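Student: File name structure_39.cif; file contents mmCIF, C-alpha atoms; full text below.
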data_run
loop_
_atom_site.label_atom_id
_atom_site.label_comp_id
_atom_site.auth_asym_id
_atom_site.auth_seq_id
_atom_site.Cartn_x
_atom_site.Cartn_y
_atom_site.Cartn_z
CA MET E 1 56.58 159.84 50.34
CA ARG E 2 54.71 163.07 49.69
CA ASP E 3 51.89 164.02 52.04
CA ALA E 4 49.17 166.68 52.03
CA VAL E 5 49.00 169.14 54.92
CA ILE E 6 46.71 172.04 55.71
CA VAL E 7 48.78 175.10 56.57
CA ASP E 8 45.86 177.41 57.32
CA ALA E 9 42.11 177.67 56.91
CA VAL E 10 40.01 180.80 56.82
CA ARG E 11 36.37 181.62 56.23
CA THR E 12 33.99 184.50 56.03
CA PRO E 13 31.25 184.82 58.59
CA VAL E 14 28.17 183.09 57.20
CA GLY E 15 25.41 185.47 56.17
CA LYS E 16 21.72 184.70 56.35
CA ARG E 17 19.35 184.94 53.41
CA GLY E 18 19.09 188.55 52.31
CA GLY E 19 21.67 189.51 54.92
CA SER E 20 25.06 191.20 55.03
CA LEU E 21 26.69 189.23 52.19
CA SER E 22 23.70 189.00 49.86
CA ALA E 23 24.65 191.97 47.67
CA LEU E 24 28.19 190.73 46.97
CA HIS E 25 29.36 188.89 43.87
CA SER E 26 30.45 185.29 44.41
CA ALA E 27 33.83 185.94 42.79
CA SER E 28 34.43 188.96 45.02
CA LEU E 29 33.54 187.08 48.19
CA SER E 30 35.80 184.22 47.10
CA ALA E 31 38.58 186.69 46.37
CA HIS E 32 38.27 188.04 49.90
CA VAL E 33 39.18 184.69 51.49
CA LEU E 34 41.92 184.07 48.92
CA LYS E 35 43.57 187.38 49.77
CA ALA E 36 43.16 186.77 53.50
CA LEU E 37 44.77 183.35 53.20
CA ALA E 38 47.74 184.83 51.33
CA GLU E 39 48.16 187.70 53.79
CA ARG E 40 47.92 185.52 56.89
CA ASN E 41 50.65 183.20 55.60
CA HIS E 42 52.87 185.59 53.64
CA LEU E 43 52.06 183.53 50.57
CA ASP E 44 53.22 184.82 47.23
CA PRO E 45 50.22 183.86 45.03
CA ILE E 46 52.47 183.19 42.05
CA LEU E 47 53.53 179.98 43.83
CA VAL E 48 49.99 178.57 43.80
CA ASP E 49 49.68 175.77 41.25
CA ASP E 50 45.88 175.67 41.27
CA VAL E 51 42.81 176.99 43.07
CA VAL E 52 40.21 174.22 43.38
CA TRP E 53 36.89 175.84 44.20
CA GLY E 54 33.55 174.30 45.15
CA CYS E 55 30.26 175.74 43.94
CA ALA E 56 26.94 173.91 43.68
CA SER E 57 24.87 176.31 41.56
CA ALA E 58 26.62 177.20 38.31
CA VAL E 59 24.05 179.76 37.18
CA GLY E 60 23.97 183.54 36.99
CA MET E 61 26.99 185.13 38.61
CA GLN E 62 28.29 181.66 39.55
CA ALA E 63 28.21 180.37 35.99
CA GLY E 64 31.34 179.80 33.96
CA CYS E 65 34.21 178.99 36.30
CA VAL E 66 33.88 180.89 39.56
CA GLY E 67 37.19 179.39 40.73
CA ARG E 68 39.03 181.16 37.92
CA ALA E 69 36.98 184.33 38.42
CA ALA E 70 37.96 184.34 42.10
CA VAL E 71 41.67 184.22 41.22
CA LEU E 72 41.31 187.18 38.87
CA ALA E 73 39.12 189.11 41.31
CA ALA E 74 41.76 188.64 44.01
CA GLY E 75 44.34 190.30 41.79
CA TRP E 76 46.46 187.16 41.72
CA PRO E 77 48.79 186.55 38.75
CA GLU E 78 47.11 185.43 35.54
CA SER E 79 49.34 182.33 35.62
CA VAL E 80 47.35 180.96 38.59
CA PRO E 81 44.54 178.76 37.24
CA GLY E 82 41.21 178.00 38.87
CA LEU E 83 38.91 174.98 38.79
CA THR E 84 35.27 174.75 39.84
CA VAL E 85 34.01 171.52 41.44
CA ASP E 86 30.38 170.51 41.85
CA ARG E 87 29.55 167.70 44.24
CA GLN E 88 26.51 169.58 45.51
CA CYS E 89 26.72 170.21 49.27
CA GLY E 90 30.12 168.53 49.41
CA SER E 91 31.65 170.60 46.61
CA SER E 92 34.34 172.32 48.64
CA GLN E 93 35.09 169.21 50.68
CA GLN E 94 35.69 167.47 47.36
CA ALA E 95 37.84 170.47 46.38
CA LEU E 96 40.08 169.72 49.36
CA HIS E 97 40.25 166.06 48.34
CA GLN E 98 41.34 167.02 44.83
CA ALA E 99 43.87 169.56 46.06
CA ALA E 100 45.32 167.00 48.48
CA ALA E 101 45.47 164.35 45.78
CA GLY E 102 47.24 166.79 43.47
CA VAL E 103 49.81 167.59 46.12
CA VAL E 104 50.45 163.94 47.02
CA SER E 105 50.77 162.95 43.35
CA GLY E 106 53.21 165.73 42.63
CA GLN E 107 50.96 167.60 40.21
CA TYR E 108 50.88 170.47 42.70
CA ASP E 109 53.32 171.76 45.26
CA ILE E 110 50.97 174.41 46.63
CA ALA E 111 47.21 174.50 46.10
CA VAL E 112 44.25 176.34 47.57
CA ALA E 113 40.97 174.53 48.14
CA GLY E 114 37.70 176.15 49.07
CA GLY E 115 34.33 177.21 47.81
CA VAL E 116 31.52 179.71 47.77
CA GLU E 117 27.77 180.06 47.52
CA ILE E 118 25.64 183.16 47.69
CA MET E 119 22.26 181.47 47.91
CA SER E 120 20.44 184.76 48.47
CA ARG E 121 20.80 185.70 44.83
CA LEU E 122 20.20 182.32 43.21
CA PRO E 123 16.94 180.41 42.64
CA LEU E 124 16.66 177.45 44.98
CA GLY E 125 15.40 175.35 42.09
CA THR E 126 18.92 175.17 40.69
CA THR E 127 19.83 172.71 43.44
CA ARG E 128 16.77 170.44 43.28
CA GLY E 129 15.24 168.28 40.58
CA ASP E 130 11.71 169.69 40.38
CA GLY E 131 12.05 171.05 36.86
CA SER E 132 11.69 174.71 37.84
CA PHE E 133 15.01 175.71 36.32
CA GLY E 134 15.72 172.82 34.03
CA GLU E 135 15.66 169.12 34.81
CA PRO E 136 19.01 167.71 35.98
CA PHE E 137 18.01 164.04 36.08
CA GLY E 138 16.19 163.15 32.90
CA PRO E 139 13.95 160.26 31.80
CA ASP E 140 16.42 157.43 32.31
CA VAL E 141 17.04 158.34 35.94
CA PHE E 142 13.31 158.78 36.53
CA ALA E 143 12.68 155.38 34.99
CA ARG E 144 15.01 153.87 37.57
CA TYR E 145 14.07 156.05 40.56
CA ASP E 146 10.66 157.69 40.34
CA GLY E 147 11.13 158.96 43.89
CA VAL E 148 14.20 160.93 42.86
CA ARG E 149 11.72 163.73 42.09
CA PHE E 150 11.58 164.30 45.84
CA ASN E 151 13.59 167.26 47.07
CA GLN E 152 16.08 167.01 49.90
CA GLY E 153 13.54 168.07 52.50
CA THR E 154 11.32 165.18 51.52
CA GLY E 155 14.33 162.89 51.74
CA ALA E 156 15.06 164.21 55.23
CA GLN E 157 11.47 163.46 56.23
CA LEU E 158 11.79 159.92 54.90
CA ILE E 159 14.90 159.47 57.04
CA ALA E 160 13.07 160.72 60.12
CA ASP E 161 10.28 158.25 59.41
CA GLU E 162 12.68 155.36 58.78
CA TYR E 163 14.61 155.87 62.01
CA GLY E 164 11.63 156.87 64.14
CA ILE E 165 13.23 160.22 64.94
CA THR E 166 10.65 162.41 66.65
CA ARG E 167 9.89 166.08 66.13
CA ALA E 168 10.98 166.75 69.72
CA GLU E 169 14.35 165.09 69.15
CA MET E 170 14.97 167.13 66.03
CA ASP E 171 13.86 170.38 67.64
CA GLN E 172 16.15 169.74 70.62
CA HIS E 173 19.02 169.10 68.21
CA GLY E 174 18.28 172.40 66.48
CA LEU E 175 18.16 174.22 69.80
CA ASP E 176 21.45 172.63 70.85
CA SER E 177 23.07 173.73 67.60
CA HIS E 178 22.15 177.37 68.17
CA GLU E 179 23.22 177.26 71.81
CA ARG E 180 26.58 175.71 70.95
CA ALA E 181 27.20 178.25 68.19
CA ALA E 182 26.20 181.17 70.41
CA ARG E 183 28.59 179.97 73.10
CA ALA E 184 31.38 179.65 70.51
CA VAL E 185 30.75 183.22 69.35
CA ASP E 186 30.72 184.56 72.91
CA GLU E 187 33.94 182.74 73.80
CA GLY E 188 35.73 183.92 70.67
CA LEU E 189 36.22 180.38 69.36
CA PHE E 190 35.62 181.46 65.75
CA ASP E 191 37.82 184.54 65.84
CA ALA E 192 40.99 182.90 64.48
CA GLN E 193 39.17 181.32 61.55
CA ILE E 194 37.05 184.27 60.41
CA THR E 195 38.19 187.08 58.14
CA PRO E 196 35.75 189.99 58.53
CA VAL E 197 34.23 191.22 55.27
CA PRO E 198 34.22 194.99 54.55
CA LEU E 199 30.82 196.31 53.52
CA ASP E 200 29.84 199.31 51.39
CA ASP E 201 28.75 201.31 54.43
CA GLY E 202 32.28 201.22 55.87
CA THR E 203 31.52 198.58 58.50
CA PHE E 204 32.86 195.05 58.76
CA PHE E 205 30.74 191.92 58.84
CA ALA E 206 32.46 189.69 61.40
CA THR E 207 29.97 187.34 63.09
CA ASP E 208 27.84 184.47 61.78
CA GLU E 209 24.44 185.95 61.15
CA GLY E 210 22.12 182.98 61.48
CA VAL E 211 22.74 182.13 65.13
CA ARG E 212 19.55 182.63 67.13
CA ARG E 213 19.58 183.26 70.86
CA GLY E 214 16.85 182.78 73.39
CA SER E 215 14.83 180.22 71.47
CA SER E 216 12.96 177.44 73.23
CA MET E 217 11.36 174.10 72.55
CA GLU E 218 7.99 175.82 72.74
CA THR E 219 8.97 178.30 70.03
CA LEU E 220 10.38 175.59 67.79
CA GLY E 221 7.33 173.44 68.41
CA SER E 222 5.08 176.14 67.01
CA LEU E 223 6.68 176.07 63.55
CA LYS E 224 4.74 174.45 60.73
CA PRO E 225 6.09 171.40 58.86
CA ALA E 226 7.88 172.43 55.69
CA PHE E 227 7.62 169.45 53.36
CA ARG E 228 4.61 167.37 54.41
CA ALA E 229 1.46 168.44 56.20
CA ASP E 230 1.88 165.76 58.85
CA GLY E 231 5.67 165.91 58.78
CA SER E 232 8.27 166.88 61.36
CA ILE E 233 10.88 168.78 59.30
CA THR E 234 10.60 172.53 59.95
CA ALA E 235 12.67 175.66 59.53
CA GLY E 236 13.81 175.16 63.13
CA ASN E 237 15.41 171.76 62.60
CA ALA E 238 16.87 172.30 59.14
CA SER E 239 19.85 174.23 57.77
CA GLN E 240 19.49 177.81 56.66
CA VAL E 241 19.68 179.45 53.24
CA SER E 242 23.07 181.13 53.54
CA ASP E 243 25.93 183.03 51.93
CA GLY E 244 29.62 182.44 52.58
CA SER E 245 33.06 181.32 51.46
CA ALA E 246 36.10 179.55 52.90
CA ALA E 247 39.61 178.56 51.79
CA LEU E 248 42.40 176.20 52.87
CA LEU E 249 46.11 176.33 52.00
CA VAL E 250 47.32 172.84 51.05
CA THR E 251 50.89 171.70 50.41
CA THR E 252 53.41 169.04 51.47
CA SER E 253 55.34 168.95 54.74
CA GLU E 254 58.55 169.48 52.81
CA VAL E 255 57.29 172.55 50.96
CA ALA E 256 55.80 173.91 54.17
CA ARG E 257 59.20 173.71 55.88
CA ALA E 258 60.85 175.44 52.94
CA GLN E 259 58.30 178.26 53.13
CA GLY E 260 58.59 178.59 56.91
CA TRP E 261 55.02 177.44 57.51
CA THR E 262 53.86 175.32 60.44
CA PRO E 263 51.06 173.03 59.21
CA MET E 264 47.95 172.59 61.32
CA ALA E 265 46.99 169.09 60.21
CA ARG E 266 47.53 166.54 57.51
CA VAL E 267 44.87 164.99 55.33
CA HIS E 268 45.02 161.47 56.71
CA THR E 269 42.21 159.82 54.72
CA ALA E 270 39.79 161.05 52.06
CA VAL E 271 36.92 159.00 50.63
CA VAL E 272 33.66 159.46 48.78
CA THR E 273 30.69 157.13 48.36
CA GLY E 274 27.23 156.96 46.87
CA THR E 275 23.86 156.04 48.33
CA ASP E 276 20.29 155.91 47.10
CA PRO E 277 19.16 159.15 45.41
CA VAL E 278 15.63 159.13 46.84
CA THR E 279 16.32 159.68 50.52
CA MET E 280 19.75 160.82 49.20
CA LEU E 281 20.98 162.14 52.57
CA LYS E 282 22.17 158.98 54.37
CA GLY E 283 25.59 159.06 52.71
CA PRO E 284 27.59 160.18 55.78
CA ILE E 285 26.81 156.83 57.42
CA PRO E 286 28.59 154.59 54.88
CA ALA E 287 31.17 157.31 54.14
CA THR E 288 32.19 157.40 57.81
CA ALA E 289 32.52 153.61 57.91
CA LYS E 290 34.56 153.64 54.71
CA ALA E 291 36.91 156.35 55.98
CA LEU E 292 37.51 154.61 59.31
CA ARG E 293 38.12 151.30 57.59
CA LYS E 294 40.54 152.83 55.11
CA ALA E 295 42.35 154.72 57.87
CA GLY E 296 42.60 151.73 60.19
CA LEU E 297 40.99 153.74 62.96
CA ALA E 298 38.09 153.12 65.35
CA LEU E 299 35.26 155.52 66.00
CA ASP E 300 36.61 156.19 69.50
CA ASP E 301 39.90 157.38 67.99
CA ILE E 302 38.08 160.42 66.58
CA GLY E 303 38.01 163.34 68.97
CA ALA E 304 35.73 165.62 66.97
CA PHE E 305 33.19 165.16 64.20
CA GLU E 306 31.81 167.74 61.80
CA ILE E 307 28.72 166.18 60.24
CA ASN E 308 26.78 168.70 58.21
CA GLU E 309 23.43 169.56 59.73
CA ALA E 310 21.54 169.78 56.47
CA PHE E 311 18.56 168.52 58.47
CA ALA E 312 18.40 167.32 62.06
CA SER E 313 17.22 163.90 60.91
CA VAL E 314 20.44 163.45 58.90
CA THR E 315 22.79 163.97 61.83
CA LEU E 316 20.59 162.11 64.31
CA ALA E 317 20.38 159.10 61.97
CA TRP E 318 24.17 159.23 61.63
CA LEU E 319 24.49 159.22 65.42
CA ARG E 320 22.19 156.21 65.75
CA GLU E 321 24.06 154.21 63.14
CA THR E 322 27.56 155.05 64.34
CA GLY E 323 27.03 155.28 68.09
CA ALA E 324 29.20 158.40 68.20
CA ASP E 325 29.26 160.71 71.21
CA TYR E 326 26.73 163.52 70.67
CA GLY E 327 29.05 165.93 72.48
CA ARG E 328 31.82 165.34 69.92
CA MET E 329 29.58 166.05 66.94
CA ASN E 330 29.49 169.68 65.82
CA PRO E 331 30.66 170.92 69.24
CA LEU E 332 30.58 174.55 68.06
CA GLY E 333 27.20 174.29 66.42
CA GLY E 334 26.35 173.28 62.87
CA ALA E 335 24.49 174.35 59.78
CA MET E 336 21.16 174.69 61.56
CA ALA E 337 22.70 177.63 63.45
CA ILE E 338 25.71 178.82 61.47
CA GLY E 339 24.18 178.24 58.03
CA HIS E 340 24.80 176.18 54.92
CA PRO E 341 26.22 178.11 51.94
CA ILE E 342 26.12 174.96 49.85
CA GLY E 343 29.24 175.12 47.69
CA GLY E 344 31.25 176.68 50.51
CA SER E 345 30.02 174.49 53.35
CA GLY E 346 32.59 171.72 53.04
CA ALA E 347 35.43 174.20 53.41
CA ARG E 348 33.58 176.02 56.19
CA LEU E 349 33.18 172.82 58.18
CA MET E 350 36.80 171.86 57.52
CA THR E 351 37.99 175.29 58.66
CA THR E 352 36.00 174.99 61.87
CA LEU E 353 37.20 171.42 62.43
CA VAL E 354 40.92 172.06 61.96
CA HIS E 355 40.90 175.11 64.24
CA HIS E 356 38.91 173.22 66.89
CA MET E 357 41.39 170.34 66.72
CA ARG E 358 44.33 172.70 67.17
CA ASP E 359 42.68 174.63 69.99
CA ASN E 360 41.87 171.45 71.92
CA ASP E 361 44.85 169.23 71.01
CA ILE E 362 42.62 166.66 69.28
CA ARG E 363 44.65 164.17 67.27
CA TYR E 364 41.99 162.95 64.82
CA GLY E 365 38.93 164.71 63.42
CA LEU E 366 36.40 163.46 60.89
CA GLN E 367 34.13 165.42 58.58
CA SER E 368 31.30 164.16 56.41
CA MET E 369 28.28 165.64 54.71
CA CYS E 370 25.30 164.45 52.69
CA GLU E 371 25.14 165.55 49.07
CA GLY E 372 22.46 165.94 46.43
CA GLY E 373 21.90 162.92 44.24
CA GLY E 374 22.87 160.54 47.05
CA MET E 375 26.59 160.92 47.78
CA ALA E 376 28.88 161.79 50.67
CA ASN E 377 32.52 162.69 51.23
CA ALA E 378 34.36 161.83 54.43
CA THR E 379 37.71 163.22 55.48
CA ILE E 380 39.92 162.33 58.43
CA LEU E 381 42.47 164.91 59.57
CA GLU E 382 45.43 164.26 61.84
CA LEU E 383 46.72 167.08 64.01
CA LEU E 384 50.34 168.15 63.49
#
Have the structure of the file written as structure tokens, please.
Tutor:
Amino acid sequence: MRDAVIVDAVRTPVGKRGGSLSALHSASLSAHVLKALAERNHLDPILVDDVVWGCASAVGMQAGCVGRAAVLAAGWPESVPGLTVDRQCGSSQQALHQAAAGVVSGQYDIAVAGGVEIMSRLPLGTTRGDGSFGEPFGPDVFARYDGVRFNQGTGAQLIADEYGITRAEMDQHGLDSHERAARAVDEGLFDAQITPVPLDDGTFFATDEGVRRGSSMETLGSLKPAFRADGSITAGNASQVSDGSAALLVTTSEVARAQGWTPMARVHTAVVTGTDPVTMLKGPIPATAKALRKAGLALDDIGAFEINEAFASVTLAWLRETGADYGRMNPLGGAMAIGHPIGGSGARLMTTLVHHMRDNDIRYGLQSMCEGGGMANATILELL
């Protein structure tokens, strides 16, 4: 029986909008994590059967096939192919699923999964259906779901309304996210997973840029609603516009032994599901249930959860539905603090999760994230 194991996972620091990574090309930033992954593991790139790369906005410099462009930008052999996957926010989590499936099926022996997004240089309209940059849904979808015209922020507000989640609860969640991330930075908990990025001025960008220190409930309470005049979703309880990339080395236990690698974890269970495209962001709830059911595990078996903080209402609704321990969810902070480089976020979360599991001897970890159009991936890892 072939399995799929993660040998290593590496990411860039996440840059804020207009920040340290905003001038870079997506292929170049992707190439940086590819090269780092190879160097850290003494991987000869010619052995890589495929690079499966997530990206949610295939326009401008991310058009074409950024996965293939990343391989070429990294200087890897021309024989190494690249694939670009779009499942919106879950693109690079889906990339891991496809790499793992390829390894288990025997199509691949060694694959790299990951993703990238430099949101600073792309119009936000490319990831929402408001018609600004073309209309991704079309008349037949609108005939079925008129509300699908709502953007994700409006969907997040609908979730807050449905679950009775208050502004104070969401602001506290946002504050907690920043405090957890700041503590992780100060304690060096991200050091082993981050590859610093060299900049044109000769310096290295090495620390997540969106983490805010010294905020307060009073400060967050002063922010104006972002999507509805009487709403409760603000910039303080939502994810940030971000830039970043991450990559994971995926193979079988047998190949890992032959290469002298010690795997970190195996991909225990991988699922995907759909949900309604109007609120669109409740997918992690059924995806989590589906993954646990398929794995034969209980919620209490999971020692750490990475649930993407696209909006505070999304993760708080997930908590209410699952009954999970708040302390086990995003223990090192989430997208509200670290950022959400859409196509790269799945791999970023997975990188953070697998390192956290190793550092704390956690047997099972689960990751899930909401995705545009009403979908969600869920992945369970088992520590090795």
Student: Using all atoms listed in the file for the distances, tell me which of E:Leu29, E:Leu383, E:Val66, E:Gly102 is nearest to Leu199 (chain E).
Tutor: E:Leu29
Student: Can you give me, as an NGL selection string, the residues this file yields under the PyMOL selection byres ((chain E and resi 368) around 10)?
Tutor: :E and (90 or 93 or 271-272 or 283-285 or 287-288 or 291 or 305-308 or 346 or 349-350 or 366-367 or 369-371 or 376-380)
Student: Okay, now the selection with C-alpha atoms, as an mmCIF file, keeping the file's coordinate frame?
Tutor:
data_model
loop_
_atom_site.group_PDB
_atom_site.id
_atom_site.type_symbol
_atom_site.label_atom_id
_atom_site.label_comp_id
_atom_site.auth_asym_id
_atom_site.auth_seq_id
_atom_site.Cartn_x
_atom_site.Cartn_y
_atom_site.Cartn_z
ATOM 1 C CA GLY E 90 30.120 168.530 49.410
ATOM 2 C CA GLN E 93 35.090 169.210 50.680
ATOM 3 C CA VAL E 271 36.920 159.000 50.630
ATOM 4 C CA VAL E 272 33.660 159.460 48.780
ATOM 5 C CA GLY E 283 25.590 159.060 52.710
ATOM 6 C CA PRO E 284 27.590 160.180 55.780
ATOM 7 C CA ILE E 285 26.810 156.830 57.420
ATOM 8 C CA ALA E 287 31.170 157.310 54.140
ATOM 9 C CA THR E 288 32.190 157.400 57.810
ATOM 10 C CA ALA E 291 36.910 156.350 55.980
ATOM 11 C CA PHE E 305 33.190 165.160 64.200
ATOM 12 C CA GLU E 306 31.810 167.740 61.800
ATOM 13 C CA ILE E 307 28.720 166.180 60.240
ATOM 14 C CA ASN E 308 26.780 168.700 58.210
ATOM 15 C CA GLY E 346 32.590 171.720 53.040
ATOM 16 C CA LEU E 349 33.180 172.820 58.180
ATOM 17 C CA MET E 350 36.800 171.860 57.520
ATOM 18 C CA LEU E 366 36.400 163.460 60.890
ATOM 19 C CA GLN E 367 34.130 165.420 58.580
ATOM 20 C CA MET E 369 28.280 165.640 54.710
ATOM 21 C CA CYS E 370 25.300 164.450 52.690
ATOM 22 C CA GLU E 371 25.140 165.550 49.070
ATOM 23 C CA ALA E 376 28.880 161.790 50.670
ATOM 24 C CA ASN E 377 32.520 162.690 51.230
ATOM 25 C CA ALA E 378 34.360 161.830 54.430
ATOM 26 C CA THR E 379 37.710 163.220 55.480
ATOM 27 C CA ILE E 380 39.920 162.330 58.430
#
Student: So what do you get for CA of Ala206 (chain E) versus CA of Glu117 (chain E), distance-wise?
Tutor: 17.5 Å
Student: Looking at E:Leu332, E:Ala69, E:Ile6, E:Leu381, which one is nearest to Val185 (chain E), with distances taken over only C-alpha atoms?
Tutor: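 The answer is E:Leu332, which sits nearest to Val185 (chain E).
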Student: Taking (39.9, 172.9, 70.1) in the coordinates of the supplied file, I want to know which residues reach to within 12 Å of it, counting all atoms listed in the file; could you give the answer as a PyMOL selection string?
Tutor: chain E and resi 184+188-190+192+264+303-305+328+330-332+351-365+383
Student: Only C-alpha atoms, please: the residues just picked out, written as an mmCIF file, keeping the file's coordinate frame.
Tutor:
data_model
loop_
_atom_site.group_PDB
_atom_site.id
_atom_site.type_symbol
_atom_site.label_atom_id
_atom_site.label_comp_id
_atom_site.auth_asym_id
_atom_site.auth_seq_id
_atom_site.Cartn_x
_atom_site.Cartn_y
_atom_site.Cartn_z
ATOM 1 C CA ALA E 184 31.380 179.650 70.510
ATOM 2 C CA GLY E 188 35.730 183.920 70.670
ATOM 3 C CA LEU E 189 36.220 180.380 69.360
ATOM 4 C CA PHE E 190 35.620 181.460 65.750
ATOM 5 C CA ALA E 192 40.990 182.900 64.480
ATOM 6 C CA MET E 264 47.950 172.590 61.320
ATOM 7 C CA GLY E 303 38.010 163.340 68.970
ATOM 8 C CA ALA E 304 35.730 165.620 66.970
ATOM 9 C CA PHE E 305 33.190 165.160 64.200
ATOM 10 C CA ARG E 328 31.820 165.340 69.920
ATOM 11 C CA ASN E 330 29.490 169.680 65.820
ATOM 12 C CA PRO E 331 30.660 170.920 69.240
ATOM 13 C CA LEU E 332 30.580 174.550 68.060
ATOM 14 C CA THR E 351 37.990 175.290 58.660
ATOM 15 C CA THR E 352 36.000 174.990 61.870
ATOM 16 C CA LEU E 353 37.200 171.420 62.430
ATOM 17 C CA VAL E 354 40.920 172.060 61.960
ATOM 18 C CA HIS E 355 40.900 175.110 64.240
ATOM 19 C CA HIS E 356 38.910 173.220 66.890
ATOM 20 C CA MET E 357 41.390 170.340 66.720
ATOM 21 C CA ARG E 358 44.330 172.700 67.170
ATOM 22 C CA ASP E 359 42.680 174.630 69.990
ATOM 23 C CA ASN E 360 41.870 171.450 71.920
ATOM 24 C CA ASP E 361 44.850 169.230 71.010
ATOM 25 C CA ILE E 362 42.620 166.660 69.280
ATOM 26 C CA ARG E 363 44.650 164.170 67.270
ATOM 27 C CA TYR E 364 41.990 162.950 64.820
ATOM 28 C CA GLY E 365 38.930 164.710 63.420
ATOM 29 C CA LEU E 383 46.720 167.080 64.010
#
Student: Applied to this file, what does the PyMOL selection byres ((chain E and resi 68) around 10) return in terms of residues, put as a JSON list (two decimals) with C-alpha atoms, in the frame of the given file?
Tutor:
[["chain", "number", "residue", "atom", "x", "y", "z"],
["E", 27, "ALA", "CA", 33.83, 185.94, 42.79],
["E", 50, "ASP", "CA", 45.88, 175.67, 41.27],
["E", 51, "VAL", "CA", 42.81, 176.99, 43.07],
["E", 52, "VAL", "CA", 40.21, 174.22, 43.38],
["E", 53, "TRP", "CA", 36.89, 175.84, 44.20],
["E", 64, "GLY", "CA", 31.34, 179.80, 33.96],
["E", 65, "CYS", "CA", 34.21, 178.99, 36.30],
["E", 66, "VAL", "CA", 33.88, 180.89, 39.56],
["E", 67, "GLY", "CA", 37.19, 179.39, 40.73],
["E", 69, "ALA", "CA", 36.98, 184.33, 38.42],
["E", 70, "ALA", "CA", 37.96, 184.34, 42.10],
["E", 71, "VAL", "CA", 41.67, 184.22, 41.22],
["E", 72, "LEU", "CA", 41.31, 187.18, 38.87],
["E", 73, "ALA", "CA", 39.12, 189.11, 41.31],
["E", 78, "GLU", "CA", 47.11, 185.43, 35.54],
["E", 80, "VAL", "CA", 47.35, 180.96, 38.59],
["E", 81, "PRO", "CA", 44.54, 178.76, 37.24],
["E", 82, "GLY", "CA", 41.21, 178.00, 38.87],
["E", 83, "LEU", "CA", 38.91, 174.98, 38.79],
["E", 84, "THR", "CA", 35.27, 174.75, 39.84]]
Student: So which one's closest to Trp318 (chain E), E:Ala181, E:Ile159, E:Val278, E:Val241? Using only C-alpha atoms, please.
Tutor: E:Ile159
Student: Distance CA of Asp208 (chain E)-CA of Ala56 (chain E), one decimal place?
Tutor: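 Spanning CA of Asp208 (chain E) to CA of Ala56 (chain E) is a straight-line distance of 21.0 Å.
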Student: Counting all atoms listed in the file, figure out which residue out of E:Lys224, E:Arg40, E:Arg144, E:His340 gets nearest to Ser245 (chain E).
Tutor: E:His340
Student: So what do you get for CA of Glu254 (chain E) versus CA of Gly115 (chain E), distance-wise?
Tutor: 25.9 Å
Student: Hey, can you pull every residue with an atom no more than 7 Å from (27.4, 184.1, 57.1), using all atoms listed in the file, and send it as an mmCIF file with C-alpha atoms, in the frame of the given file?
Tutor:
data_model
loop_
_atom_site.group_PDB
_atom_site.id
_atom_site.type_symbol
_atom_site.label_atom_id
_atom_site.label_comp_id
_atom_site.auth_asym_id
_atom_site.auth_seq_id
_atom_site.Cartn_x
_atom_site.Cartn_y
_atom_site.Cartn_z
ATOM 1 C CA THR E 12 33.990 184.500 56.030
ATOM 2 C CA PRO E 13 31.250 184.820 58.590
ATOM 3 C CA VAL E 14 28.170 183.090 57.200
ATOM 4 C CA GLY E 15 25.410 185.470 56.170
ATOM 5 C CA LYS E 16 21.720 184.700 56.350
ATOM 6 C CA ASP E 208 27.840 184.470 61.780
ATOM 7 C CA GLU E 209 24.440 185.950 61.150
ATOM 8 C CA GLY E 210 22.120 182.980 61.480
ATOM 9 C CA SER E 242 23.070 181.130 53.540
ATOM 10 C CA ASP E 243 25.930 183.030 51.930
ATOM 11 C CA GLY E 244 29.620 182.440 52.580
ATOM 12 C CA GLY E 339 24.180 178.240 58.030
#
Student: If you count only C-alpha atoms, which residues fall within 12 Å of Phe227 (chain E), apart from same-chain ones fewer than 3 positions away, as a list in words?
Tutor: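 The filter keeps Phe150, Asn151, Gln152, Gly153, Thr154, Gly155, Ala156, Gln157, Leu158, Lys224, Asp230, Gly231, Ser232, Ile233, Thr234, Ala235 and Ala238 of chain E.
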Student: Of the candidates E:Glu187, E:Pro136, E:Ala289, E:Glu39, which shows the shortest atom-to-atom distance to Val148 (chain E), using all atoms listed in the file?
Tutor: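 Nearest to Val148 (chain E): E:Pro136.
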Student: Using the chain letters and numbering of this document, enumerate as a ChimeraX atom specification the residues selected by the PyMOL selection byres ((chain E and resi 168) around 12).
Tutor: /E:160,164-167,169-175,216-223,232-234,236-237,312-313,316
Student: Which of these, E:Gly60, E:Gly75, E:Gly147, E:Pro198, has the shortest distance to Ser20 (chain E) once you count all atoms listed in the file?
Tutor: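 Looking only at the distances to Ser20 (chain E), the closest residue turns out to be E:Pro198.
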Student: Using all atoms of region 60-72 of chain E that appear in the file, construct an axis-aligned enclosing box with 4 Å of padding on every side and provide its centre coordinates and edge lengths in Å, rounded to one decimal, as lines of an AutoDock Vina configuration file.
Tutor:
center_x = 32.8
center_y = 183.1
center_z = 38.0
size_x = 25.7
size_y = 16.2
size_z = 16.1
Student: Write out as number ranges by chain each polymer residue whose atoms come within 9 Å of Val104 (chain E), counting all atoms listed in the file; drop sequence neighbours fewer than 4 positions from it.
Tutor: E: 1-4, 99-100, 108-109, 251-252
